Amino acid sequence: MENTCSLTRDTDALITERRNSIITTGKTNTSISCTEDSLAGSVSQRACVFCGARVVLNPVTDAVHLVHGPIGCAAYTNDIRGSLSSGSEMYRKSFSTDMKEKDVIFGGEKKLAACIAELVETYHPPAIFVYSTCVAGMIGDDIVAVCNQASLAYGIDVIPVESSGFISGNKIVGYRAAGEALLRLITPKEGEVIEKTRKLNFLGEYNLGGEKWVVERYLREIGIGINVAFTGDSTVEALKKAPGSCLNLVQCTGSMHWLANVMQQEYGIPSIDVNFFGAENTAESLRKIAAFYDDPDISARTEALIEREMTAVRKVNEKYRQKLEGKRAAIYVGGAFKAFAIIRQLTELGIEIVLTGTQTGKKNEYERMGSLLNEGTVIIDDANPAEIEKFLIEQKVDVMAGGVKERFLAYKLGVGFIDHNHDRKDGLIGFEGAIRFTKEVYATTCSPVWKYVRNEYGETDR
Amino acid sequence: MLDCTPEGPVETHTTGKINPAKTCQPLGAMYAALGIHGCLPHSHGSQGCCAYHRMALTRHFRDPAMASSSSFTEGASVFGGAANLKTSIKNVFAIYNPDIIAVHTTCLSETIGDDVPTIIRQSEIPEGKYVIHANTPSYHGSHVTGFSNMCKGIVSYLAESDGTPKKERVNIFPGFVNPADMREVRRIVTEMGVPSVMYPDTTDVMDSPLLNRYEMYPRGGAAIADIIDSGNSKMTLALGAWSSAEAAAILQDKCGVPGVPLKLPIGVKATDALIMAVKDGFGVDVPESLDIERGQVIDTMIDTHFHYQGKTVAIFGDPDIVIAMTEFLITLGMIPKYVLTGTNGKQFETTINGMLAEAGIEGSKVRAEGDLFDLHEWIKEESVDLLMGNTHGKYIARAEDIPLVRIGFPIMDRAVHPLMPVTGYRGCLRLIEMISNTLLERRDRDCADEDYELVL
């Protein structure tokens, strides 16, 4: 590949307003600018508030998820990521009020109420989540009132999710809307008593490719039960028992810290941060959980499991480390917790991280990220493709981890790619996920196809 | 598993949509805009929409789909998006340096009533650069409507006539199809010796080759100069009533280029019609090479007719594709039992019902502006041998154990389709191959051991 950016102007792909959103470890003294609105006119990789709410709530498997808006909002988020269910498939259906011009002019509340009535009658769901979109918010449809009325009329939870896309350019606001909806669902009704148990809740785990099931298996082996995951493979009934848990694990911090804090205040449930991505992280997380239970049997079983699984992981990693040592990687993901995990895993494989960034990272997260990386690593908040392109070339990246919008850009630049986002179907969690990750990194970084990309008609290797 | 219809008697719902068979206007507008060389589509609204459309296009084409956004937040939504659009235009030219920006609206900017043409006029546009627009409110029509609206925008802003006698050249409005389909249509017209201008043209943009250098604006796409000059062409082939007819009508009004409305050239009859339109319009002969291609299709149809003749099909998707495909299925002797599109337009039902009546096929169900819940209920009532449509059909296919032939947009779970045409005679061969082989695979899979045969 020629080492020049496709943008040939002297702006070198960076615009002045964006300069504070990009830092280089060891070289930039100021801290990164983040959590701000995207620049008008940029090709942002970010989505919207509605998307944030939808990805968090959609894995509630037996609920009806009704999108109150024009057809697109429901169509694009139908089965938005591969979260799996052990029972109901209701969540895979895409329900939309399909707002039309006349609804925009005269208001969509009546249509929404009619849709809810029809869905209750047809499916008898235990709960309906009603998502507000840009248009519903803009014309001022009172979805809260419609939902309250429907809840009373049908005796089920009809829960408004205030997720109008334009509220913010940041998905985190949508996570909060989802958190509020979940809180409303799990708050015991008057006179209702939730039994306390020794089980834990697993917050910020969405069962992508069956990932919740993997952790559940580990925990079962060491003698700990999961009450419910928020929200991977969850049901309405199981979620309602959440206040009875003795501990909250928080994995995806961006989406679930707020809810964990409220649950601590309201129900006295303590929480610990865990991260099951990568073998070392998984081992650490299991030990933290075992320590919380403070039971010698649990600790002994935990150590035995870690020993057994780490042996398998080490064997694989050693084999692939030889092939991957010295390669250079880029990471661009939605949230920081995922970035931390990938940084650690790639580093363990002898790969150097030369570029990293997120759509929704916070200042303290970026500071921690900087401390994990070598000097000279570029860190970008809310990157656009031009910036990603520029730094993939400048930093001579061999492999990138990211989501669907980055995948084909990386390929076009001759860079291997591993999806760590919505388009991934095989779990990357736990020890077995770590092994799968290593194999995938090897397969894409060292694929024979790159020989044909990087050389012109069989000329010498680069 | 994945049975997406309720138990009990077949009912249809009356409000809203369940499992939509369409998506919204801006996606089509973005795709059309990508068919101009050096164009950056711009989504005037909040950035979520832009991200979804880029994601949807990327998943189908497996190529980067670049587009910028006005990045509306609450302020813009309350005070209007003029400042955001002006800033966007300035920034986009400064950072991404396109030759042209194609703005499309979203629900949000439509609802607050932004006057996009006026804002564009008030914006700073560098010398020699262009900014065009289309209104694409998502609460009206579908992605096909959005594609058509952007095509209209391209014609309105760019096409010009210099009043001289018309050039011996044909404009091609290819419709909302894959790059390979566009390439195939152009090849046929070129084979007939007639120069052409095609737009939008997403060949080498959404199926761009991996060469030794990445280009943000790949080498493909219709050149702006050619689009401008299209007002001087002798005629326009408008392929697909939903996606191309209105743009052709505007070009006829504006520059006096007569538009010939045609179906998408999917299937023998529709491809014949395309070739005859060029033959009649330019007085050229059909070259022997096309005769041979057509003969190969007919030969193949005879070789394979017993694979599929008499089989029932359910077909859904965008109206232009479904109409042409239904015609081809009838030609093959198959029975289109359920025909459905998510896009509105009563003409759809009239056209399909006319074809079915002409072929003497009775008892079929046809619906415009339906959804996949409707289709699934129909199939549960009485099943079919084959399902044809986009990836969203796979849930019905699995629940009802029917083979699925993927055609249309979006296809997110199979590869290579953007590079393989379904248009023209070559497209006929590919469709026959897909339909025949899918049915034969199913027969091999399902048959008893004693019926398992080497030759079929």
# chains A, B, ... in the order shown; residues from 1 in each chain; ligands from 1

call {"tool": "interface_residues", "arguments": {"of": "chain B", "to": "chain A", "cutoff": "7 Å", "atoms": "only C-alpha atoms", "output": "count of residues only"}}
result
48

call {"tool": "select_by_dssp", "arguments": {"residues": "region 243-351 of chain A", "states": "helix (DSSP H, G or I)", "output": "JSON, numbers by chain"}}
result
{"A": [243, 244, 253, 254, 255, 256, 257, 258, 259, 260, 261, 262, 263, 264, 265, 266, 267, 279, 280, 281, 282, 283, 284, 285, 286, 287, 288, 289, 290, 291, 292, 293, 296, 297, 298, 299, 300, 301, 302, 303, 304, 305, 306, 307, 308, 309, 310, 311, 312, 313, 314, 315, 316, 317, 318, 319, 320, 321, 322, 323, 324, 336, 337, 338, 339, 340, 341, 342, 343, 344, 345, 346, 347, 348]}

call {"tool": "residues_around", "arguments": {"residues": "Leu290 (chain B)", "least_positions_apart": "5", "cutoff": "9 Å", "atoms": "only C-alpha atoms", "output": "JSON, numbers by chain"}}
result
{"B": [188, 191, 192, 295, 425]}

call {"tool": "residues_around", "arguments": {"residues": "region 284-291 of chain A", "least_positions_apart": "6", "cutoff": "9 Å", "atoms": "only C-alpha atoms", "output": "list in words"}}
result
Tyr218, Leu219, Ile222, Ile224, Leu249, Ile272, Asp273, Val274, Asn275, Phe276, Ile298, Ser299, Thr302, Glu303 and Ile306 of chain A

call {"tool": "write_last_selection", "arguments": {"atoms": "all heavy atoms", "output": "CSV table (one decimal), in the first residue's frame"}}
result
chain,number,residue,atom,x,y,z
A,218,TYR,N,-19.2,-21.1,34.6
A,218,TYR,CA,-18.1,-20.9,35.5
A,218,TYR,C,-18.6,-20.8,36.9
A,218,TYR,O,-18.1,-21.4,37.8
A,218,TYR,CB,-17.2,-19.7,35.1
A,218,TYR,CG,-16.5,-19.8,33.8
A,218,TYR,CD1,-16.1,-18.6,33.1
A,218,TYR,CD2,-16.2,-21.0,33.1
A,218,TYR,CE1,-15.5,-18.6,31.9
A,218,TYR,CE2,-15.6,-21.0,31.9
A,218,TYR,CZ,-15.2,-19.8,31.3
A,218,TYR,OH,-14.6,-19.8,30.1
A,219,LEU,N,-19.6,-19.9,37.0
A,219,LEU,CA,-20.0,-19.5,38.4
A,219,LEU,C,-20.7,-20.8,39.0
A,219,LEU,O,-20.6,-21.0,40.2
A,219,LEU,CB,-21.0,-18.4,38.3
A,219,LEU,CG,-20.4,-17.0,38.0
A,219,LEU,CD1,-21.4,-15.9,38.0
A,219,LEU,CD2,-19.2,-16.7,38.9
A,222,ILE,N,-18.2,-23.0,40.5
A,222,ILE,CA,-17.6,-22.6,41.8
A,222,ILE,C,-18.6,-22.5,42.9
A,222,ILE,O,-18.3,-22.2,44.0
A,222,ILE,CB,-16.7,-21.3,41.6
A,222,ILE,CG1,-17.6,-20.1,41.2
A,222,ILE,CG2,-15.6,-21.6,40.7
A,222,ILE,CD1,-16.8,-18.8,41.2
A,224,ILE,N,-21.8,-20.7,42.6
A,224,ILE,CA,-22.5,-19.4,42.7
A,224,ILE,C,-23.6,-19.4,41.6
A,224,ILE,O,-23.3,-19.7,40.5
A,224,ILE,CB,-21.6,-18.2,42.6
A,224,ILE,CG1,-20.6,-18.2,43.8
A,224,ILE,CG2,-22.4,-16.9,42.5
A,224,ILE,CD1,-19.5,-17.2,43.6
A,249,LEU,N,-22.8,-7.7,39.9
A,249,LEU,CA,-21.6,-7.6,39.0
A,249,LEU,C,-21.8,-6.6,38.0
A,249,LEU,O,-22.9,-6.6,37.4
A,249,LEU,CB,-21.2,-9.0,38.3
A,249,LEU,CG,-21.1,-10.2,39.2
A,249,LEU,CD1,-20.8,-11.4,38.3
A,249,LEU,CD2,-20.1,-10.0,40.3
A,272,ILE,N,-19.6,-5.0,42.4
A,272,ILE,CA,-18.2,-4.9,42.0
A,272,ILE,C,-18.1,-4.9,40.5
A,272,ILE,O,-18.9,-5.5,39.8
A,272,ILE,CB,-17.4,-6.2,42.6
A,272,ILE,CG1,-18.1,-7.5,42.3
A,272,ILE,CG2,-17.2,-6.0,44.1
A,272,ILE,CD1,-17.4,-8.7,42.8
A,273,ASP,N,-17.0,-4.3,40.0
A,273,ASP,CA,-16.8,-4.2,38.6
A,273,ASP,C,-16.1,-5.5,38.2
A,273,ASP,O,-15.1,-5.9,38.8
A,273,ASP,CB,-15.9,-3.0,38.2
A,273,ASP,CG,-16.7,-1.7,38.3
A,273,ASP,OD1,-17.9,-1.8,38.5
A,273,ASP,OD2,-16.1,-0.7,38.1
A,274,VAL,N,-16.6,-6.1,37.1
A,274,VAL,CA,-15.9,-7.3,36.6
A,274,VAL,C,-15.7,-7.1,35.1
A,274,VAL,O,-16.3,-6.2,34.5
A,274,VAL,CB,-16.7,-8.6,36.8
A,274,VAL,CG1,-16.9,-8.9,38.2
A,274,VAL,CG2,-18.1,-8.5,36.1
A,275,ASN,N,-14.8,-8.0,34.5
A,275,ASN,CA,-14.6,-7.9,33.1
A,275,ASN,C,-14.2,-9.3,32.7
A,275,ASN,O,-13.1,-9.8,33.0
A,275,ASN,CB,-13.5,-6.9,32.8
A,275,ASN,CG,-13.4,-6.6,31.3
A,275,ASN,OD1,-13.7,-7.4,30.5
A,275,ASN,ND2,-12.9,-5.4,31.0
A,276,PHE,N,-15.0,-10.0,31.9
A,276,PHE,CA,-14.8,-11.3,31.6
A,276,PHE,C,-14.1,-11.5,30.2
A,276,PHE,O,-14.2,-12.5,29.6
A,276,PHE,CB,-16.0,-12.2,31.7
A,276,PHE,CG,-16.4,-12.5,33.1
A,276,PHE,CD1,-17.3,-11.8,33.8
A,276,PHE,CD2,-15.8,-13.6,33.7
A,276,PHE,CE1,-17.7,-12.1,35.1
A,276,PHE,CE2,-16.1,-13.9,35.1
A,276,PHE,CZ,-17.0,-13.2,35.7
A,298,ILE,N,-15.7,-22.2,47.9
A,298,ILE,CA,-15.8,-21.5,46.6
A,298,ILE,C,-14.5,-21.0,46.2
A,298,ILE,O,-14.1,-21.2,45.0
A,298,ILE,CB,-16.8,-20.2,46.9
A,298,ILE,CG1,-18.2,-20.7,47.0
A,298,ILE,CG2,-16.6,-19.2,45.7
A,298,ILE,CD1,-19.2,-19.5,47.3
A,299,SER,N,-13.6,-20.6,47.1
A,299,SER,CA,-12.3,-20.1,46.7
A,299,SER,C,-11.5,-21.3,46.1
A,299,SER,O,-10.8,-21.1,45.1
A,299,SER,CB,-11.5,-19.6,47.9
A,299,SER,OG,-12.2,-18.4,48.4
A,302,THR,N,-12.7,-22.1,42.7
A,302,THR,CA,-12.3,-21.0,41.8
A,302,THR,C,-10.9,-21.2,41.3
A,302,THR,O,-10.6,-21.1,40.1
A,302,THR,CB,-12.5,-19.6,42.5
A,302,THR,OG1,-13.8,-19.5,43.0
A,302,THR,CG2,-12.2,-18.5,41.5
A,303,GLU,N,-10.0,-21.4,42.3
A,303,GLU,CA,-8.6,-21.6,41.9
A,303,GLU,C,-8.4,-22.8,41.0
A,303,GLU,O,-7.6,-22.8,40.1
A,303,GLU,CB,-7.7,-21.7,43.2
A,303,GLU,CG,-7.6,-20.4,44.0
A,303,GLU,CD,-7.2,-19.2,43.1
A,303,GLU,OE1,-6.3,-19.4,42.2
A,303,GLU,OE2,-7.7,-18.1,43.3
A,306,ILE,N,-9.6,-21.9,37.5
A,306,ILE,CA,-8.7,-20.9,36.9
A,306,ILE,C,-7.4,-21.7,36.4
A,306,ILE,O,-7.0,-21.5,35.3
A,306,ILE,CB,-8.3,-19.8,37.8
A,306,ILE,CG1,-9.5,-18.9,38.0
A,306,ILE,CG2,-7.1,-18.9,37.3
A,306,ILE,CD1,-9.4,-17.8,39.1

call {"tool": "residues_around", "arguments": {"residues": "Ala238 (chain A)", "least_positions_apart": "5", "cutoff": "9 Å", "atoms": "only C-alpha atoms", "output": "ChimeraX atom specification"}}
result
/A:227-229

call {"tool": "write_last_selection", "arguments": {"atoms": "C-alpha atoms", "output": "PDB file, in the first residue's frame"}}
result
ATOM      1  CA  ASN A 227     -30.198 -14.493  39.654  1.00  0.00           C
ATOM      2  CA  VAL A 228     -30.611 -12.519  36.446  1.00  0.00           C
ATOM      3  CA  ALA A 229     -28.417 -10.800  33.871  1.00  0.00           C
TER       4      ALA A 229
END

call {"tool": "select_by_dssp", "arguments": {"residues": "region 220-352 of chain A", "states": "strand (DSSP E)", "output": "number ranges by chain"}}
result
A: 226-231, 247-250, 271-273, 328-333, 352

call {"tool": "write_last_selection", "arguments": {"atoms": "all heavy atoms", "output": "short mmCIF file (atom, residue, chain, number, x, y, z; two decimals), in the first residue's frame"}}
result
data_model
loop_
_atom_site.label_atom_id
_atom_site.label_comp_id
_atom_site.auth_asym_id
_atom_site.auth_seq_id
_atom_site.Cartn_x
_atom_site.Cartn_y
_atom_site.Cartn_z
N ILE A 226 -26.46 -17.30 39.21
CA ILE A 226 -26.86 -15.98 38.69
C ILE A 226 -28.37 -15.85 38.88
O ILE A 226 -29.13 -16.72 38.43
CB ILE A 226 -26.48 -15.81 37.21
CG1 ILE A 226 -24.96 -15.78 37.04
CG2 ILE A 226 -27.08 -14.51 36.66
CD1 ILE A 226 -24.50 -15.54 35.62
N ASN A 227 -28.78 -14.78 39.51
CA ASN A 227 -30.20 -14.49 39.65
C ASN A 227 -30.74 -14.07 38.29
O ASN A 227 -31.60 -14.71 37.71
CB ASN A 227 -30.36 -13.39 40.71
CG ASN A 227 -31.80 -13.14 41.07
OD1 ASN A 227 -32.68 -13.88 40.66
ND2 ASN A 227 -32.03 -12.09 41.83
N VAL A 228 -30.21 -12.97 37.78
CA VAL A 228 -30.61 -12.52 36.45
C VAL A 228 -29.50 -11.66 35.86
O VAL A 228 -28.76 -11.00 36.59
CB VAL A 228 -31.94 -11.72 36.50
CG1 VAL A 228 -31.78 -10.42 37.28
CG2 VAL A 228 -32.48 -11.43 35.10
N ALA A 229 -29.36 -11.70 34.54
CA ALA A 229 -28.42 -10.80 33.87
C ALA A 229 -29.20 -9.60 33.36
O ALA A 229 -30.35 -9.74 32.94
CB ALA A 229 -27.72 -11.51 32.72
N PHE A 230 -28.60 -8.45 33.42
CA PHE A 230 -29.18 -7.25 32.81
C PHE A 230 -28.42 -7.01 31.52
O PHE A 230 -27.32 -6.51 31.57
CB PHE A 230 -29.02 -6.03 33.73
CG PHE A 230 -29.98 -5.97 34.86
CD1 PHE A 230 -29.97 -6.91 35.86
CD2 PHE A 230 -30.89 -4.92 34.93
CE1 PHE A 230 -30.85 -6.83 36.92
CE2 PHE A 230 -31.77 -4.84 36.00
CZ PHE A 230 -31.76 -5.79 36.99
N THR A 231 -29.01 -7.40 30.43
CA THR A 231 -30.29 -8.00 30.25
C THR A 231 -30.22 -9.28 29.40
O THR A 231 -31.26 -9.78 28.96
CB THR A 231 -31.24 -7.01 29.50
OG1 THR A 231 -30.54 -6.58 28.31
CG2 THR A 231 -31.58 -5.82 30.34
N LEU A 247 -25.54 -9.47 45.46
CA LEU A 247 -24.39 -8.79 44.83
C LEU A 247 -24.73 -8.44 43.38
O LEU A 247 -25.42 -9.18 42.70
CB LEU A 247 -23.18 -9.75 44.85
CG LEU A 247 -21.91 -9.29 44.11
CD1 LEU A 247 -21.28 -8.09 44.79
CD2 LEU A 247 -20.90 -10.44 44.03
N ASN A 248 -24.25 -7.29 42.94
CA ASN A 248 -24.34 -6.94 41.52
C ASN A 248 -22.95 -6.95 40.90
O ASN A 248 -22.05 -6.25 41.38
CB ASN A 248 -24.94 -5.54 41.34
CG ASN A 248 -26.46 -5.55 41.36
OD1 ASN A 248 -27.08 -6.58 41.10
ND2 ASN A 248 -27.05 -4.42 41.68
N LEU A 249 -22.77 -7.74 39.86
CA LEU A 249 -21.56 -7.63 39.05
C LEU A 249 -21.84 -6.59 37.98
O LEU A 249 -22.92 -6.60 37.39
CB LEU A 249 -21.24 -8.95 38.34
CG LEU A 249 -21.13 -10.22 39.19
CD1 LEU A 249 -20.78 -11.39 38.29
CD2 LEU A 249 -20.09 -10.03 40.27
N VAL A 250 -20.89 -5.70 37.74
CA VAL A 250 -21.07 -4.73 36.67
C VAL A 250 -19.98 -4.95 35.64
O VAL A 250 -18.80 -4.79 35.93
CB VAL A 250 -21.01 -3.27 37.19
CG1 VAL A 250 -21.27 -2.30 36.05
CG2 VAL A 250 -22.03 -3.07 38.30
N SER A 271 -21.97 -3.62 44.75
CA SER A 271 -21.60 -4.03 43.39
C SER A 271 -20.09 -4.07 43.24
O SER A 271 -19.37 -3.33 43.92
CB SER A 271 -22.22 -3.08 42.36
OG SER A 271 -21.56 -1.85 42.39
N ILE A 272 -19.62 -4.95 42.38
CA ILE A 272 -18.20 -4.94 42.02
C ILE A 272 -18.07 -4.95 40.50
O ILE A 272 -18.90 -5.52 39.79
CB ILE A 272 -17.43 -6.15 42.61
CG1 ILE A 272 -18.13 -7.48 42.29
CG2 ILE A 272 -17.25 -6.01 44.10
CD1 ILE A 272 -17.36 -8.70 42.80
N ASP A 273 -17.05 -4.26 40.02
CA ASP A 273 -16.79 -4.24 38.57
C ASP A 273 -16.08 -5.52 38.17
O ASP A 273 -15.12 -5.93 38.83
CB ASP A 273 -15.91 -3.04 38.21
CG ASP A 273 -16.69 -1.74 38.27
OD1 ASP A 273 -17.91 -1.80 38.51
OD2 ASP A 273 -16.07 -0.67 38.11
N ARG A 328 1.28 -4.74 15.04
CA ARG A 328 0.79 -3.48 15.60
C ARG A 328 -0.74 -3.41 15.45
O ARG A 328 -1.27 -3.73 14.39
CB ARG A 328 1.45 -2.30 14.87
CG ARG A 328 2.97 -2.28 15.08
CD ARG A 328 3.68 -1.44 14.05
NE ARG A 328 3.39 -0.02 14.19
CZ ARG A 328 4.05 0.81 14.99
NH1 ARG A 328 5.03 0.35 15.73
NH2 ARG A 328 3.73 2.09 15.05
N ALA A 329 -1.41 -2.98 16.50
CA ALA A 329 -2.87 -3.04 16.50
C ALA A 329 -3.52 -1.69 16.76
O ALA A 329 -2.95 -0.81 17.41
CB ALA A 329 -3.34 -4.03 17.57
N ALA A 330 -4.75 -1.56 16.26
CA ALA A 330 -5.61 -0.41 16.54
C ALA A 330 -6.90 -0.92 17.15
O ALA A 330 -7.36 -2.01 16.81
CB ALA A 330 -5.92 0.35 15.25
N ILE A 331 -7.48 -0.13 18.05
CA ILE A 331 -8.74 -0.50 18.68
C ILE A 331 -9.67 0.71 18.61
O ILE A 331 -9.29 1.80 19.01
CB ILE A 331 -8.52 -0.87 20.17
CG1 ILE A 331 -7.57 -2.06 20.29
CG2 ILE A 331 -9.85 -1.15 20.86
CD1 ILE A 331 -7.04 -2.27 21.69
N TYR A 332 -10.87 0.50 18.04
CA TYR A 332 -11.86 1.59 18.12
C TYR A 332 -13.21 0.96 18.42
O TYR A 332 -13.79 0.28 17.59
CB TYR A 332 -11.91 2.42 16.83
CG TYR A 332 -12.81 3.62 17.04
CD1 TYR A 332 -12.36 4.70 17.79
CD2 TYR A 332 -14.11 3.65 16.56
CE1 TYR A 332 -13.18 5.78 18.06
CE2 TYR A 332 -14.94 4.73 16.82
CZ TYR A 332 -14.47 5.79 17.56
OH TYR A 332 -15.30 6.85 17.83
N VAL A 333 -13.68 1.15 19.64
CA VAL A 333 -14.90 0.48 20.08
C VAL A 333 -15.88 1.47 20.71
O VAL A 333 -15.56 2.65 20.88
CB VAL A 333 -14.58 -0.65 21.09
CG1 VAL A 333 -13.97 -1.84 20.39
CG2 VAL A 333 -13.67 -0.15 22.19
N GLU A 352 1.63 -4.82 19.81
CA GLU A 352 1.72 -3.47 20.36
C GLU A 352 0.49 -2.66 19.95
O GLU A 352 0.11 -2.64 18.78
CB GLU A 352 2.99 -2.79 19.82
CG GLU A 352 3.28 -1.50 20.55
CD GLU A 352 4.41 -0.69 19.91
OE1 GLU A 352 5.09 -1.22 19.00
OE2 GLU A 352 4.59 0.46 20.30
#

call {"tool": "atom_distance", "arguments": {"atom1": "CA of Pro336 (chain B)", "atom2": "CA of Tyr308 (chain B)"}}
result
11.9 Å

call {"tool": "residues_around", "arguments": {"residues": "region 141-158 of chain B", "least_positions_apart": "2", "cutoff": "9 Å", "atoms": "only C-alpha atoms", "output": "ChimeraX atom specification"}}
result
/A:71-72,100 /B:22-33,102-104,130-139,160,173,175-176,199-200,224-225,227-231,242-251,254,318-320,342-345

call {"tool": "residues_around", "arguments": {"residues": "region 361-364 of chain B", "least_positions_apart": "6", "cutoff": "9 Å", "atoms": "only C-alpha atoms", "output": "list in words"}}
result
Ile335, Pro336, Lys337, Tyr338, Val339, Asn353 and Met355 of chain B

call {"tool": "atom_distance", "arguments": {"atom1": "CA of Leu239 (chain A)", "atom2": "CA of Asn58 (chain A)"}}
result
13.4 Å

call {"tool": "atom_distance", "arguments": {"atom1": "CA of Ala304 (chain A)", "atom2": "CA of Glu440 (chain A)"}}
result
27.2 Å
